[in-house]
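Visitor: Quick one: the structure is below, questions incoming.
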Amino acid sequence: MRQGEPEAVCLSGIGLSLAGRKIFSGLELSLSERRIGIVGRNGSGKSTLARVMTGLLAPDSGEVRVMGVDVAKDRRAAIRTIGILFQNPDHQIIFPTVGEELAFGLRQQGRSKVEAREAVRAMLARFGKQAWEERSVETLSQGQKHLVCLMAVLVLEPALIVLDEPFTGLDIPTTRALQRHLAELAPILVHITHDISALDGYERAIWIEAGKVAQDGPAEVVLAQYLDAMTREDADAGAGLAD
Amino acid sequence: MERNITLIALFAALIAVLGLVPKFTLMSGIPITAQSLGVMLCGTVLGARRGMLAVLLFLLLVALGLPLLAGGRGGLGVFAGPTVGFLVGWVVGAYVIGRLTAKLTSLPLGVAAAVAAVIGGIVLLYIPGIIGMTIMLDMTLQTAFLSILAFIPGDLIKAGLAGAITASLARARPGIVATRPAG
Amino acid sequence: MLALVSPIDTPYHRLPAGLKFGLLSLATVVLFLLGTVWAQSAALLVVFALYLVVGMDFLRQGVASLRPLWPFLLLVGLWHFLLGDPAEGAVVCLRLLSAVALANLVTMTTRLDDAVDLLMWLLAPLRRLGVQTGLIAFSIALVIRFVPVMMDNARRLLESWRARSHRRPGWQVIAPIFLVALDDATRVAEAIRARADLSTYNADE
């Protein structure tokens with residue numbers, strides 16, 4: 001961990017139970033790097049962590065601060081600070097046209113129609129998709145829908161974006177294209193995935209196991225350990241499907 | 001066959017989901033959530049017969065003891081309660097909404113669906129609803145009517161939304177709205 | 001999916017569902033015939049005792065499930081009081097409480113599969129009229145399978161709203177909830193067609 005930089009994300013004493021199951025207890029995490037990967041197997045709690053980090057899920061105890069904002073309590077400020085990109089665009093696109101989808105968050109922040117439209121057009125232009133403004137979301141490919149979701153997050157200019165397995169189910173060229181877009185982004189990225197190759201060039205990686213930090217450190221080191229552990233389990237045939 | 005059964009089960013499940021999710025910015029109050037909007041959409045999207053069957057299937061699951069009514073209510077108790085007439089009204093309403101949406105071909109789909117939802121989802125829903133209240137609560141028709149007047153504005157908004165949502169579903173998935181197969 | 005069956009084990013759980021349902025129907029008819037405050041009070045006391053013999057926790061559950069009734073009790077009470085006939089109001093309120101509490105008692109002590117079995121038995125005569133009652137059982141299973149999946153999808157869309165707005169979700173979320181569900185339905189229909197022929201479906205086989 002680098003010293004002397006302000007903490008972008010600080011989780012302190014996070015406790016959370018969902019449907020009677022304890023997910024986190026006393027979880028501590030502070031992030032200040034620009035590219036952070038979070039890995040872990042299915043059900044390790046990493047997706048829940050994404051929701052807690054963005055304030056979508058309020059912890060039972062403890063506090064989450066992103067750029068100093070208490071994201072669970074101050075939703076208005078949270079939305080300006082942190083964005084989240086989910087796995088399946090069909091589960092996040094709300095409006096029928098690309099323009100409306102991109103304008104939604106801006107309008108909710110109280111920007112005027114004209115202001116929102118200008119910001120939407122600038123965002124579309126940045127990705128060379130000026131023609132998409134009136135386009136129906138239904139006519140887009142899965143990869144294009146992913147890009148719409150990314151633009152809908154970026155247009156709000158968050159300082160930090162949480163990516164919750166955004167490449168699942170995408171073909172290789174689409175994944176690469178989206179990855180290229182992400183690599184060029186200014187905001188801090190916290191990328192939650194079980195696909196290690198998506199974390200190429202990342203500074204830090206955190207391995208989550210049963211709601212706890214199992215390993216934390218430079219990405220290459222942690223990811224190598226993680227990969228090693230997962231392949232070793234793989235030899236024990238069907239471990240991932242065991243009861 | 002498979003498609004019909006699946007769609008009927010799907011819409012029955014959607015009525016449940018609309019009752020279980022947190023309230024939308026429509027109206028607040030005990031019996032009113034997006035759930036009755038789901039019933040209207042059964043009629044406007046699935047058509048009279050399948051829409052009615054979806055509502056019946058939903059009520060059957062409630063009677064069997066699943067907490068699928070808004071606010072997590074369910075079981076045989078709701079059929080012994082004062083609002084039982086409205087549940088009957090849902091079945092009649094979904095059928096009539098389906099018939100009317102299909103009949104009013106001279107109107108654009110959204111408008112036809114909204115008009116049908118007002119007639120089937122409000123007028124025809126309230127008749128058995130009010131009769132049920134007079135029986136269960138031993139009231140006169142007028143008192144029963146007056147006591148539910150407050151819900152009519154919210155239901156009018158919902159009928160409008162049912163029209164808008166039906167039109168947007170038809171736009172997104174041409175051919176899915178049975179009451180207007182031509183799109 | 002959570003059913004309304006009480007986790008507290010009671011002797012009522014072991015009674016046949018058909019018997020409970022029959023007794024409930026009978027009791028409900030009797031409740032509508034009792035016209036005096038005394039008779040209705042006695043009836044409510046019996047219902048109260050039916051809960052109480054199991055234990056305080058069970059009674060508390062029973063009382064909690066009556067909570068949605070209070071606006072109606074208030075309405076009826078007030079209306080009859082204003083009419084100058086409080087006795088009539090009391091009869092209606094007591095009857096409502098007993099009838100709903102009894103029906104809840106059956107629901108709280110009847111497991112879902114027993115309830116479905118009873119339903120199939122009640123529907124059996126329809127088979128002679130050509131109704132495929134097996135399809136009804138199949139549809140019930142489908143809905144029970146669909147609800148949690150669709151709840152999950154709906155929750156994700158609501159999250160997507162909350163990630164970009166500090167306000168309560170608006171009605172605009174409803175259309176995408178339906179669209180995602182409709183797409184799922186297409187896939188489920190294909191999966192059913194791949195494994196079963198519903199035109200000859202029979203639940204007994």
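As shown in the structure tokens, the chain order sets the letters A, B, ...; within each chain, residues go from 1, and ligands are also counted from 1 in the order they appear.
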Report as a ChimeraX atom specification the set of chain C residues whose atoms approach chain A to within 10 Å, with distances computed over only C-alpha atoms.

Guide: /C:152-167,172-177,179-180

Visitor: Contacts from chain A to chain B, 9 Å maximum, only C-alpha atoms: show me the residue list as a PyMOL selection string.

Guide: chain A and resi 96+136-139

Visitor: Provide the CA of Ala101 (chain C) to CA of Ala87 (chain C) distance in Å, to one decimal place.

Guide: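 Between CA of Ala101 (chain C) and CA of Ala87 (chain C) the gap is 21.0 Å.
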
Visitor: Which residues are close to region 177-181 of chain B, i.e. within 8 Å by only C-alpha atoms, leaving aside same-chain residues fewer than 3 positions away? Reply as a list of chain:residue names.

Guide: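 Within the cut-off, the hits are B:Thr44, B:Val45, B:Leu46, B:Gly47, B:Gly98, B:Arg99, B:Thr101, B:Ala102, B:Thr105, B:Leu109, B:Thr166, B:Leu169, B:Ala170, B:Pro174.
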
Visitor: Using only C-alpha atoms, find which residues of chain B lie within 9 Å of chain C and jot them down as a PyMOL selection string.

Guide: chain B and resi 1-14+16-18+20-26+30+34+57-58+60-61+63-67+73-82+136-139+143+147+161+165-166+168-169+172-173+176

Visitor: Using DSSP assignments from the backbone, pull out every residue in region 4-243 of chain A that falls under alpha helix (DSSP H) and give it to me as an MDAnalysis selection string.

Guide: chainID A and resid 46:53 75:81 98:108 113:126 142:154 172:183 219:235

Visitor: Find the residues around Leu125 (chain B) up to 10 Å (only C-alpha atoms counted), leave out those fewer than 2 positions away in its own chain, and share them as a PyMOL selection string.

Guide: chain B and resi 85-94+96+117-123+127-130

Visitor: Write to file, as a short mmCIF file (atom, residue, chain, number, x, y, z; two decimals), in the first residue's frame, the residues of the selection just made, with all heavy atoms.

Guide:
```
data_model
loop_
_atom_site.label_atom_id
_atom_site.label_comp_id
_atom_site.auth_asym_id
_atom_site.auth_seq_id
_atom_site.Cartn_x
_atom_site.Cartn_y
_atom_site.Cartn_z
N GLY B 85 -63.93 -8.79 -2.02
CA GLY B 85 -64.63 -8.38 -3.24
C GLY B 85 -63.69 -7.80 -4.28
O GLY B 85 -63.89 -7.99 -5.49
N PHE B 86 -62.65 -7.11 -3.81
CA PHE B 86 -61.70 -6.53 -4.74
C PHE B 86 -60.88 -7.61 -5.45
O PHE B 86 -60.50 -7.46 -6.60
CB PHE B 86 -60.78 -5.54 -4.03
CG PHE B 86 -61.51 -4.31 -3.57
CD1 PHE B 86 -62.01 -4.22 -2.28
CD2 PHE B 86 -61.73 -3.25 -4.44
CE1 PHE B 86 -62.70 -3.10 -1.85
CE2 PHE B 86 -62.42 -2.12 -4.03
CZ PHE B 86 -62.91 -2.05 -2.73
N LEU B 87 -60.64 -8.71 -4.72
CA LEU B 87 -59.90 -9.82 -5.35
C LEU B 87 -60.74 -10.45 -6.46
O LEU B 87 -60.24 -10.78 -7.52
CB LEU B 87 -59.52 -10.86 -4.28
CG LEU B 87 -58.67 -10.32 -3.13
CD1 LEU B 87 -58.32 -11.43 -2.14
CD2 LEU B 87 -57.39 -9.67 -3.65
N VAL B 88 -62.05 -10.58 -6.19
CA VAL B 88 -62.97 -11.06 -7.23
C VAL B 88 -62.96 -10.06 -8.39
O VAL B 88 -62.92 -10.43 -9.56
CB VAL B 88 -64.41 -11.21 -6.67
CG1 VAL B 88 -65.38 -11.59 -7.77
CG2 VAL B 88 -64.44 -12.22 -5.54
N GLY B 89 -62.96 -8.77 -8.03
CA GLY B 89 -62.95 -7.71 -9.04
C GLY B 89 -61.71 -7.77 -9.93
O GLY B 89 -61.78 -7.43 -11.11
N TRP B 90 -60.59 -8.20 -9.38
CA TRP B 90 -59.38 -8.34 -10.19
C TRP B 90 -59.58 -9.32 -11.34
O TRP B 90 -59.15 -9.08 -12.46
CB TRP B 90 -58.22 -8.85 -9.32
CG TRP B 90 -57.53 -7.77 -8.56
CD1 TRP B 90 -57.83 -6.44 -8.58
CD2 TRP B 90 -56.40 -7.92 -7.68
NE1 TRP B 90 -56.96 -5.77 -7.75
CE2 TRP B 90 -56.08 -6.65 -7.20
CE3 TRP B 90 -55.65 -9.02 -7.27
CZ2 TRP B 90 -55.03 -6.43 -6.31
CZ3 TRP B 90 -54.60 -8.81 -6.39
CH2 TRP B 90 -54.30 -7.52 -5.91
N VAL B 91 -60.26 -10.44 -11.02
CA VAL B 91 -60.46 -11.48 -12.04
C VAL B 91 -61.35 -10.93 -13.15
O VAL B 91 -61.01 -10.99 -14.34
CB VAL B 91 -61.12 -12.73 -11.40
CG1 VAL B 91 -61.32 -13.81 -12.45
CG2 VAL B 91 -60.26 -13.24 -10.25
N VAL B 92 -62.49 -10.35 -12.75
CA VAL B 92 -63.41 -9.77 -13.72
C VAL B 92 -62.70 -8.65 -14.48
O VAL B 92 -62.77 -8.56 -15.71
CB VAL B 92 -64.65 -9.18 -12.98
CG1 VAL B 92 -65.64 -8.61 -13.99
CG2 VAL B 92 -65.30 -10.24 -12.11
N GLY B 93 -62.00 -7.83 -13.73
CA GLY B 93 -61.32 -6.67 -14.32
C GLY B 93 -60.33 -7.07 -15.39
O GLY B 93 -60.34 -6.53 -16.49
N ALA B 94 -59.47 -8.04 -15.10
CA ALA B 94 -58.45 -8.46 -16.06
C ALA B 94 -59.11 -8.92 -17.35
O ALA B 94 -58.65 -8.60 -18.45
CB ALA B 94 -57.58 -9.56 -15.47
N VAL B 96 -62.16 -8.11 -18.58
CA VAL B 96 -62.79 -7.00 -19.30
C VAL B 96 -61.72 -6.09 -19.92
O VAL B 96 -61.85 -5.64 -21.06
CB VAL B 96 -63.72 -6.21 -18.36
CG1 VAL B 96 -64.23 -4.95 -19.03
CG2 VAL B 96 -64.87 -7.09 -17.91
N ALA B 117 -58.37 0.06 -18.84
CA ALA B 117 -57.98 -0.09 -17.44
C ALA B 117 -58.89 0.74 -16.54
O ALA B 117 -59.19 0.33 -15.41
CB ALA B 117 -56.52 0.31 -17.25
N VAL B 118 -59.36 1.88 -17.02
CA VAL B 118 -60.29 2.69 -16.22
C VAL B 118 -61.61 1.93 -16.06
O VAL B 118 -62.14 1.81 -14.95
CB VAL B 118 -60.53 4.08 -16.86
CG1 VAL B 118 -61.68 4.79 -16.16
CG2 VAL B 118 -59.26 4.91 -16.79
N ILE B 119 -62.11 1.40 -17.18
CA ILE B 119 -63.41 0.72 -17.12
C ILE B 119 -63.31 -0.61 -16.37
O ILE B 119 -64.05 -0.89 -15.43
CB ILE B 119 -63.97 0.51 -18.55
CG1 ILE B 119 -64.20 1.88 -19.20
CG2 ILE B 119 -65.27 -0.30 -18.51
CD1 ILE B 119 -64.53 1.83 -20.67
N GLY B 120 -62.34 -1.45 -16.77
CA GLY B 120 -62.23 -2.78 -16.17
C GLY B 120 -61.55 -2.75 -14.82
O GLY B 120 -61.93 -3.48 -13.91
N GLY B 121 -60.52 -1.92 -14.71
CA GLY B 121 -59.68 -1.95 -13.51
C GLY B 121 -60.15 -1.02 -12.42
O GLY B 121 -59.65 -1.07 -11.30
N ILE B 122 -61.12 -0.14 -12.73
CA ILE B 122 -61.64 0.73 -11.68
C ILE B 122 -63.15 0.48 -11.53
O ILE B 122 -63.60 -0.04 -10.51
CB ILE B 122 -61.34 2.22 -11.95
CG1 ILE B 122 -59.82 2.42 -12.09
CG2 ILE B 122 -61.90 3.09 -10.82
CD1 ILE B 122 -59.40 3.82 -12.39
N VAL B 123 -63.93 0.79 -12.58
CA VAL B 123 -65.38 0.65 -12.48
C VAL B 123 -65.76 -0.78 -12.11
O VAL B 123 -66.43 -1.03 -11.11
CB VAL B 123 -66.07 1.08 -13.79
CG1 VAL B 123 -67.59 0.92 -13.65
CG2 VAL B 123 -65.72 2.52 -14.13
N ILE B 127 -67.14 -2.52 -8.27
CA ILE B 127 -68.50 -3.05 -8.03
C ILE B 127 -68.46 -4.26 -7.09
O ILE B 127 -69.04 -4.22 -6.00
CB ILE B 127 -69.22 -3.34 -9.36
CG1 ILE B 127 -69.50 -2.00 -10.08
CG2 ILE B 127 -70.53 -4.10 -9.12
CD1 ILE B 127 -70.03 -2.15 -11.48
N PRO B 128 -67.75 -5.34 -7.44
CA PRO B 128 -67.67 -6.45 -6.48
C PRO B 128 -66.95 -6.05 -5.18
O PRO B 128 -67.29 -6.55 -4.11
CB PRO B 128 -66.90 -7.55 -7.21
CG PRO B 128 -66.29 -6.90 -8.39
CD PRO B 128 -67.04 -5.66 -8.69
N GLY B 129 -66.00 -5.14 -5.31
CA GLY B 129 -65.27 -4.69 -4.13
C GLY B 129 -66.20 -4.06 -3.10
O GLY B 129 -66.16 -4.39 -1.91
N ILE B 130 -67.07 -3.17 -3.59
CA ILE B 130 -68.00 -2.48 -2.69
C ILE B 130 -69.05 -3.44 -2.16
O ILE B 130 -69.39 -3.42 -0.97
CB ILE B 130 -68.64 -1.27 -3.43
CG1 ILE B 130 -67.58 -0.21 -3.65
CG2 ILE B 130 -69.81 -0.72 -2.65
CD1 ILE B 130 -68.00 0.92 -4.55
#
```

Visitor: Report, in Å with one decimal, the straight-line distance from CA of Asp195 (chain A) to CA of Met230 (chain A).

Guide: 11.6 Å

Visitor: So what do you get for CA of Val111 (chain B) versus CA of Gly163 (chain B), distance-wise?

Guide: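 Computing it gives 5.9 Å between the two atoms.
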